[in-house]
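Participant: Have a look at the structure that comes next, please.
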Amino acid sequence: MRKQAVCLLSFLRTRQLNGTCTSSVDMELFLHYSLIPSLFIILILSFLQRREYRRQRDDTSYLLGNRFGIIMPLDFVGTFSNRWSYGIAFGATANKVMFLFSEGYQPLQIPHWAQAFELLIGGLEVGLSHFPFFACLSSEFQLVSSTLGFCYSLIWFAVTVLQVSQCPHGQFVGKYETLVFYWPSLLCLAFLLGRFLYMFVKALRVHLGWELQVEEKPVLEAHQAEHVKQLLRTPRPQEEKKSWFQTRIYEWDPCFQFPSRMIGTIVLAFICLYLFIVIEFCMFVYVRDELDMFENKLESYINSMNHSGILTPGILQVKQLISVTEGVWVATILPASLTCVSYLFHILVCYRKHIKRLWAGDKHFLPLKFHNPASSESVVAIARYSGWQIAYILWGYLIIHVVQSLCGMAIMYGLVLPIVHKQGLEMLRGLGIGMKAFHNFSYFLFFYNVLLGLGACLSRLLISCFLGMWLIARIDRTIMQSGYEGADMGFSAWIGMLYVDHYHTNPVLVSFCHILITDHRERKLQQTTKYWCLNQSAGPRVSARSRTRWLLLQTLIKNPRLVMLRKSKLGHSSQESQILMTCSES
């Protein structure tokens, strides 16, 4: 199947050479030349980026001063700002990602034994060509980065529009075939143009003094602070009734936000799934045309034999099989697509549910083997997750489509075709006779169940295979048996990614670090305030010891079980427990 996809993609890229349309734009050649402005933009942004630590005099890099810092295009762990901008930037790379997925993009002609290195080089080239999108979005120097990002996005947009306008039609989809393939990238590039233009206007107003300079990125995000505040409040009984959508499908949580990695992964997965479906449909059209030619040959054979040949009944059955297969395959495109789309939304729901359980210290939903994973495994998992998630969705769609087509074929030959050929009564009669025979022979077959156990074993195997193929795109749950979850590499990547996000974006931990950083800064400025609370209020001065004891009392009242875990002197624990019981009752 992969080789067929590669051949089809290669044909799609060179279809203008075989037709009447000849495009003046070669997207592969443009990808190579796009590395020149990409490297130029990277050098400019790197020159503006200052290094935090300068080298010693004996180091040759000392001559550069504190210039040419390392550019980080995107923080895959703790970035919550510009989430949709990063997601759309990932969407702009969808067409090239699909060629990489099918191993169709091979910039070099090297032997087969070195094909892995060729794919690695191709991936690096695609990543480097789209690096300016992310670097310009995340740069601190927005006046320069927005200008460079706008110009670079405009170049890609103009070249893509030229490609679509010169050869809009094709041989598979028909009219506007090129537009069908490239409209997601055009939409993403248009969004990036608007985003960079907005960044430029805002940065220009700040530069002219018309607006205040936005403070640096805070350690503690607003939704994380709200989450901690919600934990410190006394839980109240919910009076508002939830709707059916909130109860059964999804409930919006203002104290939670998905990181940029998840948004980018889902956006890119949606666009890649769309392109994969379009490519699959083009392949279906190609195979259907070949089958139509084969049917014409069979039809000519039947006509030459005046419908009296020996092979005529078999040929008619083959024609019926081809017709039924084509109809079932087209009919199952929509349910297979909706299944994978629902999986993508369900992945977001499971991510929020699982990460919240980890924040609360609940690991019961995980297998015992994954309760304490190694840090190295988690870091590797978060590097793998996004790419594997997209690959699982695409191959999962193909497998689900095949399974649904087989189920449709079984329904057609087992139920629909007998009714069409007026054999429905005979089918029902045979079913009734089979049920009476089952009741009559159940006693005698009781002693034969040892041999029938083979059928039950095969049935169990087939059901397991069916469920495994149906859920192959669900990376958030394992398809392995209990005790063998470690063999599921996709599920291991999911768990490792959850742990990394749990360790780096836990609101309580981030709030604690925020308090420490703020307190350190205030001490350096020799300010009187030594404690930072999420809600600051003006009022009379209170000693630090009194405030600490008051906060401790509030915490122990809301969490009485913590009293037993405190290190206290003799007799103090009982007194504290009595006081807390009195306060809680009151």
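Naming scheme: A, B, ... for chains in displayed order of the structure tokens; residues 1 onward per chain; ligands 1 onward as shown.
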Would you kindly return, as an NGL selection string, each protein, DNA or RNA residue with an atom no farther than 10 Å from any atom of Met409 in chain A, considering only C-alpha atoms and excluding same-chain residues fewer than 3 positions away?
Facilitator: :A and (321 or 324-325 or 327-329 or 403-406 or 412-416)
Participant: Restrict the selected residues to N, CA, C and O atoms and save them as a tab-separated table (two decimals), in the first residue's frame.
Facilitator:
```tsv
chain	number	residue	atom	x	y	z
A	321	LEU	N	-19.34	-8.52	-8.11
A	321	LEU	CA	-18.41	-8.30	-7.01
A	321	LEU	C	-17.71	-6.95	-7.16
A	321	LEU	O	-17.57	-6.20	-6.17
A	324	VAL	N	-20.29	-4.15	-6.35
A	324	VAL	CA	-20.59	-4.07	-4.91
A	324	VAL	C	-19.40	-3.51	-4.15
A	324	VAL	O	-19.56	-2.68	-3.24
A	325	THR	N	-18.19	-3.92	-4.51
A	325	THR	CA	-17.00	-3.43	-3.82
A	325	THR	C	-16.83	-1.94	-4.00
A	325	THR	O	-16.52	-1.21	-3.03
A	327	GLY	N	-19.20	0.27	-4.66
A	327	GLY	CA	-20.24	0.98	-3.92
A	327	GLY	C	-20.00	0.98	-2.42
A	327	GLY	O	-20.16	2.01	-1.75
A	328	VAL	N	-19.57	-0.17	-1.88
A	328	VAL	CA	-19.32	-0.24	-0.43
A	328	VAL	C	-18.13	0.63	-0.05
A	328	VAL	O	-18.13	1.31	0.99
A	329	TRP	N	-17.07	0.63	-0.88
A	329	TRP	CA	-15.89	1.43	-0.56
A	329	TRP	C	-16.23	2.93	-0.51
A	329	TRP	O	-15.78	3.65	0.39
A	403	VAL	N	-11.80	-2.35	7.26
A	403	VAL	CA	-12.66	-3.17	8.12
A	403	VAL	C	-14.14	-2.85	7.87
A	403	VAL	O	-14.97	-3.76	7.76
A	404	GLN	N	-14.47	-1.57	7.78
A	404	GLN	CA	-15.86	-1.21	7.51
A	404	GLN	C	-16.30	-1.67	6.13
A	404	GLN	O	-17.47	-2.06	5.94
A	405	SER	N	-15.40	-1.65	5.17
A	405	SER	CA	-15.75	-2.16	3.84
A	405	SER	C	-16.01	-3.66	3.87
A	405	SER	O	-16.96	-4.14	3.22
A	406	LEU	N	-15.21	-4.41	4.60
A	406	LEU	CA	-15.46	-5.85	4.73
A	406	LEU	C	-16.79	-6.13	5.41
A	406	LEU	O	-17.52	-7.03	5.01
A	412	MET	N	-23.93	-6.86	2.46
A	412	MET	CA	-24.48	-6.90	1.10
A	412	MET	C	-24.73	-8.33	0.65
A	412	MET	O	-25.82	-8.64	0.12
A	413	TYR	N	-23.76	-9.21	0.85
A	413	TYR	CA	-23.93	-10.60	0.38
A	413	TYR	C	-24.78	-11.44	1.32
A	413	TYR	O	-25.33	-12.47	0.92
A	414	GLY	N	-24.87	-11.03	2.57
A	414	GLY	CA	-25.67	-11.82	3.50
A	414	GLY	C	-27.10	-11.38	3.65
A	414	GLY	O	-27.96	-12.18	4.06
A	415	LEU	N	-27.39	-10.12	3.30
A	415	LEU	CA	-28.75	-9.62	3.53
A	415	LEU	C	-29.32	-8.90	2.32
A	415	LEU	O	-30.44	-9.20	1.89
A	416	VAL	N	-28.57	-7.96	1.74
A	416	VAL	CA	-29.14	-7.10	0.71
A	416	VAL	C	-29.32	-7.85	-0.60
A	416	VAL	O	-30.41	-7.83	-1.21
```
Participant: Using only C-alpha atoms, which residues sit within 7 Å of range 389-401 of chain A once same-chain residues fewer than 2 positions away are excluded, as a VMD selection string?
Facilitator: chain A and resid 269 273 276 332 to 333 336 to 337 340 385 to 387 403 to 405 469 to 470 472 to 473 475
Participant: Go ahead and save the residues from that selection, with all heavy atoms, as a short mmCIF file (atom, residue, chain, number, x, y, z; two decimals), in the first residue's frame.
Facilitator:
```cif
data_model
loop_
_atom_site.label_atom_id
_atom_site.label_comp_id
_atom_site.auth_asym_id
_atom_site.auth_seq_id
_atom_site.Cartn_x
_atom_site.Cartn_y
_atom_site.Cartn_z
N ALA A 269 -3.09 17.07 12.27
CA ALA A 269 -3.73 15.77 12.04
C ALA A 269 -5.00 15.91 11.23
O ALA A 269 -5.29 15.08 10.34
CB ALA A 269 -4.02 15.10 13.39
N LEU A 273 -5.28 14.29 7.62
CA LEU A 273 -6.35 13.31 7.41
C LEU A 273 -7.18 13.68 6.18
O LEU A 273 -7.54 12.81 5.37
CB LEU A 273 -7.24 13.24 8.65
CG LEU A 273 -8.43 12.27 8.58
CD1 LEU A 273 -7.96 10.84 8.39
CD2 LEU A 273 -9.28 12.39 9.85
N PHE A 276 -5.10 12.87 3.18
CA PHE A 276 -5.01 11.42 3.01
C PHE A 276 -6.29 10.86 2.39
O PHE A 276 -6.24 9.96 1.53
CB PHE A 276 -4.76 10.76 4.37
CG PHE A 276 -4.41 9.31 4.29
CD1 PHE A 276 -3.12 8.89 4.01
CD2 PHE A 276 -5.38 8.34 4.49
CE1 PHE A 276 -2.80 7.55 3.94
CE2 PHE A 276 -5.08 6.99 4.42
CZ PHE A 276 -3.78 6.60 4.14
N THR A 332 -18.44 3.78 2.63
CA THR A 332 -17.78 3.74 3.94
C THR A 332 -16.73 4.82 4.12
O THR A 332 -16.08 4.87 5.17
CB THR A 332 -17.13 2.36 4.14
OG1 THR A 332 -16.29 2.04 3.01
CG2 THR A 332 -18.18 1.29 4.32
N ILE A 333 -16.53 5.69 3.13
CA ILE A 333 -15.57 6.79 3.30
C ILE A 333 -16.04 7.72 4.41
O ILE A 333 -15.26 8.12 5.30
CB ILE A 333 -15.37 7.55 1.97
CG1 ILE A 333 -14.62 6.69 0.96
CG2 ILE A 333 -14.61 8.86 2.21
CD1 ILE A 333 -14.44 7.36 -0.39
N ALA A 336 -15.90 6.09 8.06
CA ALA A 336 -14.50 5.95 8.48
C ALA A 336 -13.89 7.31 8.81
O ALA A 336 -13.14 7.45 9.79
CB ALA A 336 -13.69 5.25 7.39
N SER A 337 -14.23 8.32 8.01
CA SER A 337 -13.72 9.67 8.28
C SER A 337 -14.26 10.21 9.59
O SER A 337 -13.52 10.77 10.40
CB SER A 337 -14.08 10.61 7.12
OG SER A 337 -13.62 10.10 5.89
N CYS A 340 -12.50 8.65 12.64
CA CYS A 340 -11.18 9.22 12.97
C CYS A 340 -11.30 10.65 13.47
O CYS A 340 -10.54 11.06 14.36
CB CYS A 340 -10.28 9.16 11.73
SG CYS A 340 -9.76 7.49 11.31
N TYR A 385 5.64 11.86 20.32
CA TYR A 385 4.18 11.81 20.37
C TYR A 385 3.51 12.42 19.15
O TYR A 385 2.66 11.79 18.51
CB TYR A 385 3.67 12.49 21.64
CG TYR A 385 2.18 12.69 21.61
CD1 TYR A 385 1.31 11.62 21.74
CD2 TYR A 385 1.64 13.96 21.38
CE1 TYR A 385 -0.05 11.80 21.66
CE2 TYR A 385 0.28 14.15 21.31
CZ TYR A 385 -0.56 13.06 21.45
OH TYR A 385 -1.92 13.24 21.37
N SER A 386 3.84 13.67 18.83
CA SER A 386 3.11 14.39 17.78
C SER A 386 3.18 13.65 16.44
O SER A 386 2.16 13.44 15.76
CB SER A 386 3.66 15.81 17.64
OG SER A 386 3.45 16.54 18.83
N GLY A 387 4.38 13.25 16.04
CA GLY A 387 4.52 12.53 14.78
C GLY A 387 3.81 11.19 14.79
O GLY A 387 3.16 10.81 13.80
N VAL A 403 -11.80 -2.35 7.26
CA VAL A 403 -12.66 -3.17 8.12
C VAL A 403 -14.14 -2.85 7.87
O VAL A 403 -14.97 -3.76 7.76
CB VAL A 403 -12.28 -2.96 9.60
CG1 VAL A 403 -13.29 -3.64 10.51
CG2 VAL A 403 -10.88 -3.50 9.87
N GLN A 404 -14.47 -1.57 7.78
CA GLN A 404 -15.86 -1.21 7.51
C GLN A 404 -16.30 -1.67 6.13
O GLN A 404 -17.47 -2.06 5.94
CB GLN A 404 -16.03 0.31 7.65
CG GLN A 404 -15.90 0.81 9.08
CD GLN A 404 -16.16 2.30 9.20
OE1 GLN A 404 -16.36 2.98 8.19
NE2 GLN A 404 -16.16 2.81 10.42
N SER A 405 -15.40 -1.65 5.17
CA SER A 405 -15.75 -2.16 3.84
C SER A 405 -16.01 -3.66 3.87
O SER A 405 -16.96 -4.14 3.22
CB SER A 405 -14.63 -1.84 2.85
OG SER A 405 -14.43 -0.45 2.74
N MET A 469 -7.99 -3.58 15.34
CA MET A 469 -7.95 -2.78 14.12
C MET A 469 -8.87 -1.57 14.22
O MET A 469 -8.58 -0.50 13.68
CB MET A 469 -8.33 -3.66 12.92
CG MET A 469 -7.28 -4.69 12.55
SD MET A 469 -7.68 -5.60 11.04
CE MET A 469 -9.12 -6.53 11.57
N TRP A 470 -10.00 -1.73 14.91
CA TRP A 470 -10.95 -0.62 15.04
C TRP A 470 -10.37 0.50 15.90
O TRP A 470 -10.63 1.68 15.65
CB TRP A 470 -12.25 -1.14 15.63
CG TRP A 470 -13.36 -0.15 15.55
CD1 TRP A 470 -13.67 0.83 16.44
CD2 TRP A 470 -14.34 -0.04 14.50
NE1 TRP A 470 -14.76 1.54 16.02
CE2 TRP A 470 -15.19 1.03 14.84
CE3 TRP A 470 -14.57 -0.74 13.32
CZ2 TRP A 470 -16.26 1.41 14.04
CZ3 TRP A 470 -15.64 -0.36 12.54
CH2 TRP A 470 -16.47 0.69 12.89
N ILE A 472 -7.06 1.07 16.43
CA ILE A 472 -5.64 1.25 16.16
C ILE A 472 -5.26 2.73 16.18
O ILE A 472 -4.13 3.08 16.52
CB ILE A 472 -5.27 0.62 14.79
CG1 ILE A 472 -3.75 0.60 14.59
CG2 ILE A 472 -5.96 1.36 13.65
CD1 ILE A 472 -3.02 -0.27 15.56
N ALA A 473 -6.20 3.62 15.83
CA ALA A 473 -5.90 5.05 15.82
C ALA A 473 -5.97 5.68 17.20
O ALA A 473 -5.56 6.83 17.36
CB ALA A 473 -6.85 5.79 14.87
N ILE A 475 -4.43 6.28 20.27
CA ILE A 475 -3.14 6.16 20.93
C ILE A 475 -3.27 6.37 22.43
O ILE A 475 -2.36 6.06 23.20
CB ILE A 475 -2.15 7.17 20.31
CG1 ILE A 475 -0.71 6.79 20.62
CG2 ILE A 475 -2.45 8.58 20.78
CD1 ILE A 475 0.30 7.66 19.92
#
```
Participant: Would you please work out which residue, of A:Leu467, A:Leu220, A:Ala203, A:Met262, is nearest to Phe141 in chain A when using only C-alpha atoms?
Facilitator: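 Among the listed residues, A:Ala203 lies closest to Phe141 in chain A.
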Participant: For Ser492 in chain A, please output as a VMD selection string all residues within 12 Å (counting only C-alpha atoms; exclusion window: fewer than 3 positions along the same chain).
Facilitator: chain A and resid 366 to 367 369 to 371 373 to 374 377 to 382 384 to 385 388 to 389 475 to 480 484 to 489 495 to 499
Participant: At what distance in Å, to one decimal, does CA of Val402 in chain A lie from CA of Leu471 in chain A?
Facilitator: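 Distance reported for this atom pair: 13.2 Å.
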Participant: Near Val349 in chain A, counting only C-alpha atoms, which residues have an atom at most 12 Å away, once you skip same-chain residues fewer than 3 positions from it, shown as a list in words?
Facilitator: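 In the requested format, the answer is Gln246, Arg248, Ile249, Tyr250, Glu251, Trp252, Asp253, Phe256, Gln257, Phe258, Met262, Ser342, Tyr343, Leu344, Phe345, His346, Arg352, Lys353, His354, Ile355, Lys356 and Asp476 of chain A.
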